[in-house]
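For reference, protein.txt (compact mmCIF, C-alpha atoms):
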# COMPACT_ATOMS: atom_id res chain seq x y z
CA MET A 1 -11.44 -50.73 -13.68
CA ALA A 2 -8.69 -53.18 -12.80
CA ALA A 3 -8.14 -56.01 -15.25
CA GLU A 4 -7.40 -59.54 -14.08
CA HIS A 5 -4.87 -60.06 -16.85
CA GLU A 6 -2.55 -57.65 -18.57
CA GLN A 7 -3.82 -56.98 -22.08
CA HIS A 8 -1.56 -56.81 -25.09
CA PRO A 9 -1.25 -53.25 -26.53
CA LEU A 10 -2.80 -54.46 -29.79
CA PHE A 11 -5.93 -55.79 -28.06
CA LEU A 12 -8.22 -52.81 -28.71
CA PRO A 13 -6.95 -52.09 -32.24
CA LEU A 14 -7.51 -55.74 -33.16
CA VAL A 15 -11.01 -55.66 -31.66
CA PHE A 16 -11.69 -52.61 -33.82
CA VAL A 17 -10.34 -54.33 -36.95
CA GLY A 18 -12.37 -57.44 -36.13
CA GLY A 19 -15.48 -55.30 -35.83
CA LEU A 20 -14.75 -53.71 -39.21
CA ILE A 21 -14.35 -57.14 -40.81
CA PHE A 22 -17.55 -58.34 -39.15
CA GLY A 23 -19.43 -55.26 -40.34
CA PHE A 24 -18.07 -55.63 -43.86
CA GLY A 25 -19.14 -59.27 -43.88
CA LEU A 26 -22.65 -58.35 -42.75
CA GLY A 27 -22.87 -55.68 -45.43
CA PHE A 28 -21.44 -57.94 -48.15
CA SER A 29 -23.83 -60.78 -47.28
CA HIS A 30 -26.78 -58.34 -47.16
CA MET A 31 -27.47 -59.32 -43.54
CA ALA A 32 -27.39 -55.64 -42.53
CA GLN A 33 -30.62 -55.09 -44.43
CA PRO A 34 -33.72 -55.51 -42.25
CA GLU A 35 -35.72 -56.77 -45.24
CA VAL A 36 -33.45 -59.82 -45.54
CA VAL A 37 -33.80 -60.62 -41.84
CA LEU A 38 -37.57 -60.13 -41.86
CA ASN A 39 -37.87 -62.41 -44.93
CA PHE A 40 -35.94 -65.05 -42.98
CA LEU A 41 -38.23 -64.68 -39.94
CA GLN A 42 -41.24 -65.08 -42.25
CA PHE A 43 -39.74 -68.28 -43.78
CA GLU A 44 -39.37 -66.68 -47.21
CA ASP A 45 -35.57 -66.54 -47.52
CA PHE A 46 -33.17 -68.89 -45.77
CA GLY A 47 -29.93 -67.12 -46.69
CA LEU A 48 -29.50 -65.93 -43.10
CA LEU A 49 -29.61 -69.54 -41.93
CA PHE A 50 -26.66 -70.39 -44.18
CA VAL A 51 -24.71 -67.35 -42.97
CA MET A 52 -25.36 -68.25 -39.33
CA PHE A 53 -24.47 -71.91 -39.93
CA GLY A 54 -21.24 -70.94 -41.69
CA ALA A 55 -20.31 -68.61 -38.84
CA ALA A 56 -21.06 -71.32 -36.26
CA VAL A 57 -18.86 -73.84 -38.10
CA VAL A 58 -15.93 -71.42 -38.40
CA THR A 59 -16.29 -70.38 -34.75
CA GLY A 60 -16.53 -73.97 -33.55
CA ILE A 61 -13.45 -75.05 -35.49
CA THR A 62 -11.54 -71.99 -34.28
CA PHE A 63 -12.38 -72.49 -30.62
CA PHE A 64 -11.65 -76.22 -30.78
CA GLY A 65 -8.41 -75.73 -32.71
CA VAL A 66 -7.05 -72.91 -30.60
CA LYS A 67 -7.56 -74.90 -27.40
CA GLN A 68 -5.46 -77.70 -28.87
CA PHE A 69 -2.45 -75.43 -29.43
CA ARG A 70 -2.71 -72.76 -26.72
CA SER A 71 -3.82 -72.76 -23.10
CA GLU A 72 -4.37 -69.02 -22.86
CA ALA A 73 -5.56 -66.17 -25.07
CA PRO A 74 -2.65 -64.48 -26.85
CA LEU A 75 -3.83 -60.90 -26.35
CA THR A 76 -5.30 -61.07 -22.85
CA GLY A 77 -3.47 -63.93 -21.18
CA ALA A 78 -6.77 -65.31 -19.89
CA ILE A 79 -7.05 -69.09 -19.59
CA TYR A 80 -9.38 -70.69 -22.14
CA GLY A 81 -12.34 -72.36 -20.55
CA ARG A 82 -16.08 -72.66 -20.61
CA ARG A 83 -18.13 -70.23 -18.61
CA LEU A 84 -21.19 -72.08 -17.47
CA LYS A 85 -24.16 -69.99 -16.44
CA THR A 86 -27.50 -71.21 -15.23
CA LEU A 87 -30.64 -70.72 -17.26
CA ASP A 88 -32.62 -68.33 -15.08
CA THR A 89 -35.53 -65.96 -15.57
CA ASN A 90 -33.19 -63.10 -16.55
CA VAL A 91 -31.88 -65.15 -19.48
CA VAL A 92 -35.37 -66.22 -20.59
CA ILE A 93 -36.87 -62.72 -20.31
CA GLY A 94 -33.82 -61.10 -21.93
CA GLY A 95 -33.89 -63.60 -24.78
CA GLY A 96 -37.59 -62.95 -25.29
CA ILE A 97 -37.09 -59.19 -25.39
CA PHE A 98 -34.14 -59.62 -27.76
CA GLY A 99 -36.22 -61.83 -30.06
CA VAL A 100 -39.17 -59.43 -30.12
CA GLY A 101 -36.85 -56.50 -30.83
CA TRP A 102 -35.11 -58.48 -33.56
CA GLY A 103 -38.45 -59.35 -35.15
CA LEU A 104 -39.83 -55.81 -34.93
CA SER A 105 -36.74 -54.03 -36.23
CA GLY A 106 -35.50 -56.78 -38.54
CA ILE A 107 -31.98 -56.43 -37.23
CA CYS A 108 -29.89 -57.58 -34.27
CA PRO A 109 -27.70 -55.15 -32.31
CA GLY A 110 -24.42 -55.96 -34.05
CA ALA A 111 -25.90 -55.71 -37.51
CA ALA A 112 -27.66 -52.45 -36.64
CA TYR A 113 -24.37 -50.57 -36.72
CA ALA A 114 -23.40 -52.28 -39.98
CA SER A 115 -26.80 -51.26 -41.32
CA LEU A 116 -25.87 -47.64 -40.67
CA GLY A 117 -22.76 -48.25 -42.76
CA VAL A 118 -24.83 -49.36 -45.75
CA GLY A 119 -26.96 -46.21 -45.53
CA ASN A 120 -29.98 -47.29 -43.47
CA ILE A 121 -30.58 -44.07 -41.51
CA PHE A 122 -33.93 -45.29 -40.14
CA ILE A 123 -32.14 -47.95 -38.08
CA LEU A 124 -31.25 -45.09 -35.72
CA TYR A 125 -34.71 -45.60 -34.21
CA GLY A 126 -33.81 -49.20 -33.44
CA ILE A 127 -30.41 -48.22 -32.04
CA ALA A 128 -32.10 -45.61 -29.83
CA GLY A 129 -34.46 -48.34 -28.63
CA MET A 130 -31.47 -50.54 -27.77
CA PHE A 131 -29.93 -47.76 -25.69
CA VAL A 132 -33.23 -47.10 -23.90
CA GLY A 133 -33.66 -50.82 -23.24
CA ALA A 134 -30.11 -51.16 -21.90
CA TYR A 135 -30.63 -48.16 -19.62
CA VAL A 136 -33.96 -49.50 -18.30
CA GLN A 137 -32.43 -52.93 -17.71
CA GLY A 138 -29.45 -51.43 -15.87
CA TYR A 139 -31.73 -49.25 -13.75
CA TRP A 140 -34.02 -52.20 -12.98
CA ARG A 141 -31.07 -54.39 -12.03
CA SER A 142 -29.56 -51.71 -9.74
CA VAL A 143 -32.90 -51.17 -7.99
CA ARG A 144 -33.38 -54.92 -7.62
CA THR A 145 -29.83 -55.38 -6.29
CA GLU A 146 -30.31 -52.58 -3.73
CA SER A 147 -33.57 -54.10 -2.51
CA GLU A 148 -31.95 -57.54 -2.13
CA SER A 149 -28.82 -56.29 -0.33
CA PRO A 150 -28.36 -57.21 3.36
CA ALA A 151 -28.45 -53.54 4.41
CA ALA A 152 -31.88 -53.08 2.85
CA ALA A 153 -33.14 -56.27 4.51
CA ALA A 154 -32.04 -55.00 7.94
CA ASP A 155 -34.18 -51.83 7.63
Kindly present the structure from the file in C-alpha cells form.
Amino acid sequence: MAAEHEQHPLFLPLVFVGGLIFGFGLGFSHMAQPEVVLNFLQFEDFGLLFVMFGAAVVTGITFFGVKQFRSEAPLTGAIYGRRLKTLDTNVVIGGGIFGVGWGLSGICPGAAYASLGVGNIFILYGIAGMFVGAYVQGYWRSVRTESESPAAAAD
C-alpha cells in the first residue's frame, strides 16, 4: 500500500497512545459500560450527552485552532481540508445498521474494546458481530462493484 505522504516514524506509536488515552477516558467516564449507554438511549441518564458534547467542543476547538497555525498535519504531511461526501443510500443504510447495533449491544465499536478493558467479557459477542458485519459489507460491496464494472456490463 503506497502512501500519498511520508508518515513520521512516531505516527503509529502516537495513534496507539491516543487510543489508550481514549480507552482510559471511556473507562473513567463509565461510557464503556453498556448499561450507561442503554440508560441514555432510554432517556434515563444524560451523562453520555455531556461526554459527547464535551468531546465535540474540544475537537472543534482543536481542528479550528490547528488550521490557524499549520497548513498540514505534523505527522503525515497531509494538507488540512474538509472532505465532503454526498449523503447516499450507503450512508443512510450504514448509519441505520450502526444505530441498531449500538442500541442492541449498548456500545459503539470504539467503546467495545474499552469495555473489554474494564472486564466486560460478554462484549465479545458484540465485537464478533462487528467483524461479521464488516465482512458481509465488504463482500457485498465487492460483488456490487464487480457487477457494475464495465467488463461485466460487456458480457
Taking 2 positions as the minimum chain separation for residues in the same chain, which residues sit within 12 Å of Phe98 of chain A when counting only C-alpha atoms? Answer as an mmCIF file with C-alpha atoms, keeping the file's coordinate frame.
data_model
loop_
_atom_site.group_PDB
_atom_site.id
_atom_site.type_symbol
_atom_site.label_atom_id
_atom_site.label_comp_id
_atom_site.auth_asym_id
_atom_site.auth_seq_id
_atom_site.Cartn_x
_atom_site.Cartn_y
_atom_site.Cartn_z
ATOM 1 C CA ASN A 90 -33.190 -63.100 -16.550
ATOM 2 C CA VAL A 91 -31.880 -65.150 -19.480
ATOM 3 C CA VAL A 92 -35.370 -66.220 -20.590
ATOM 4 C CA ILE A 93 -36.870 -62.720 -20.310
ATOM 5 C CA GLY A 94 -33.820 -61.100 -21.930
ATOM 6 C CA GLY A 95 -33.890 -63.600 -24.780
ATOM 7 C CA GLY A 96 -37.590 -62.950 -25.290
ATOM 8 C CA VAL A 100 -39.170 -59.430 -30.120
ATOM 9 C CA GLY A 101 -36.850 -56.500 -30.830
ATOM 10 C CA TRP A 102 -35.110 -58.480 -33.560
ATOM 11 C CA GLY A 103 -38.450 -59.350 -35.150
ATOM 12 C CA LEU A 104 -39.830 -55.810 -34.930
ATOM 13 C CA SER A 105 -36.740 -54.030 -36.230
ATOM 14 C CA GLY A 106 -35.500 -56.780 -38.540
ATOM 15 C CA ILE A 107 -31.980 -56.430 -37.230
ATOM 16 C CA CYS A 108 -29.890 -57.580 -34.270
ATOM 17 C CA PRO A 109 -27.700 -55.150 -32.310
ATOM 18 C CA GLY A 126 -33.810 -49.200 -33.440
ATOM 19 C CA GLY A 129 -34.460 -48.340 -28.630
ATOM 20 C CA MET A 130 -31.470 -50.540 -27.770
ATOM 21 C CA GLY A 133 -33.660 -50.820 -23.240
ATOM 22 C CA ALA A 134 -30.110 -51.160 -21.900
#
Using all atoms listed in the file, which residues sit within 12 Å of segment 18-29 of chain A once same-chain residues fewer than 3 positions away are excluded, as a PyMOL selection string?
chain A and resi 10-15+32-34+36-37+47-52+54-55+107-120
Could the residues in this selection be written to a file with C-alpha atoms, as a PDB file, in the coordinates of the input?
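The resulting file, out.pdb, is reproduced below:
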ATOM      1  CA  LEU A  10      -2.800 -54.460 -29.790  1.00  0.00           C
ATOM      2  CA  PHE A  11      -5.930 -55.790 -28.060  1.00  0.00           C
ATOM      3  CA  LEU A  12      -8.220 -52.810 -28.710  1.00  0.00           C
ATOM      4  CA  PRO A  13      -6.950 -52.090 -32.240  1.00  0.00           C
ATOM      5  CA  LEU A  14      -7.510 -55.740 -33.160  1.00  0.00           C
ATOM      6  CA  VAL A  15     -11.010 -55.660 -31.660  1.00  0.00           C
ATOM      7  CA  ALA A  32     -27.390 -55.640 -42.530  1.00  0.00           C
ATOM      8  CA  GLN A  33     -30.620 -55.090 -44.430  1.00  0.00           C
ATOM      9  CA  PRO A  34     -33.720 -55.510 -42.250  1.00  0.00           C
ATOM     10  CA  VAL A  36     -33.450 -59.820 -45.540  1.00  0.00           C
ATOM     11  CA  VAL A  37     -33.800 -60.620 -41.840  1.00  0.00           C
ATOM     12  CA  GLY A  47     -29.930 -67.120 -46.690  1.00  0.00           C
ATOM     13  CA  LEU A  48     -29.500 -65.930 -43.100  1.00  0.00           C
ATOM     14  CA  LEU A  49     -29.610 -69.540 -41.930  1.00  0.00           C
ATOM     15  CA  PHE A  50     -26.660 -70.390 -44.180  1.00  0.00           C
ATOM     16  CA  VAL A  51     -24.710 -67.350 -42.970  1.00  0.00           C
ATOM     17  CA  MET A  52     -25.360 -68.250 -39.330  1.00  0.00           C
ATOM     18  CA  GLY A  54     -21.240 -70.940 -41.690  1.00  0.00           C
ATOM     19  CA  ALA A  55     -20.310 -68.610 -38.840  1.00  0.00           C
ATOM     20  CA  ILE A 107     -31.980 -56.430 -37.230  1.00  0.00           C
ATOM     21  CA  CYS A 108     -29.890 -57.580 -34.270  1.00  0.00           C
ATOM     22  CA  PRO A 109     -27.700 -55.150 -32.310  1.00  0.00           C
ATOM     23  CA  GLY A 110     -24.420 -55.960 -34.050  1.00  0.00           C
ATOM     24  CA  ALA A 111     -25.900 -55.710 -37.510  1.00  0.00           C
ATOM     25  CA  ALA A 112     -27.660 -52.450 -36.640  1.00  0.00           C
ATOM     26  CA  TYR A 113     -24.370 -50.570 -36.720  1.00  0.00           C
ATOM     27  CA  ALA A 114     -23.400 -52.280 -39.980  1.00  0.00           C
ATOM     28  CA  SER A 115     -26.800 -51.260 -41.320  1.00  0.00           C
ATOM     29  CA  LEU A 116     -25.870 -47.640 -40.670  1.00  0.00           C
ATOM     30  CA  GLY A 117     -22.760 -48.250 -42.760  1.00  0.00           C
ATOM     31  CA  VAL A 118     -24.830 -49.360 -45.750  1.00  0.00           C
ATOM     32  CA  GLY A 119     -26.960 -46.210 -45.530  1.00  0.00           C
ATOM     33  CA  ASN A 120     -29.980 -47.290 -43.470  1.00  0.00           C
TER      34      ASN A 120
END
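Remark: for Glu35 of chain A, the closest of the candidate residues A:Ile123, A:Ala128, A:Glu148, A:Leu87 is A:Ile123 (distances computed over all atoms listed in the file).
Put simply, atom CA of Phe16 of chain A is 23.8 Å away from atom CA of Phe64 of chain A.
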Output as JSON the centre and edge lengths (Å, one decimal) of the box along x, y and z of the file that holds every listed atom of segment 109-113 of chain A after adding 3 Å on each side.
{"center_x": -26.0, "center_y": -53.3, "center_z": -34.9, "size_x": 9.3, "size_y": 11.4, "size_z": 11.2}
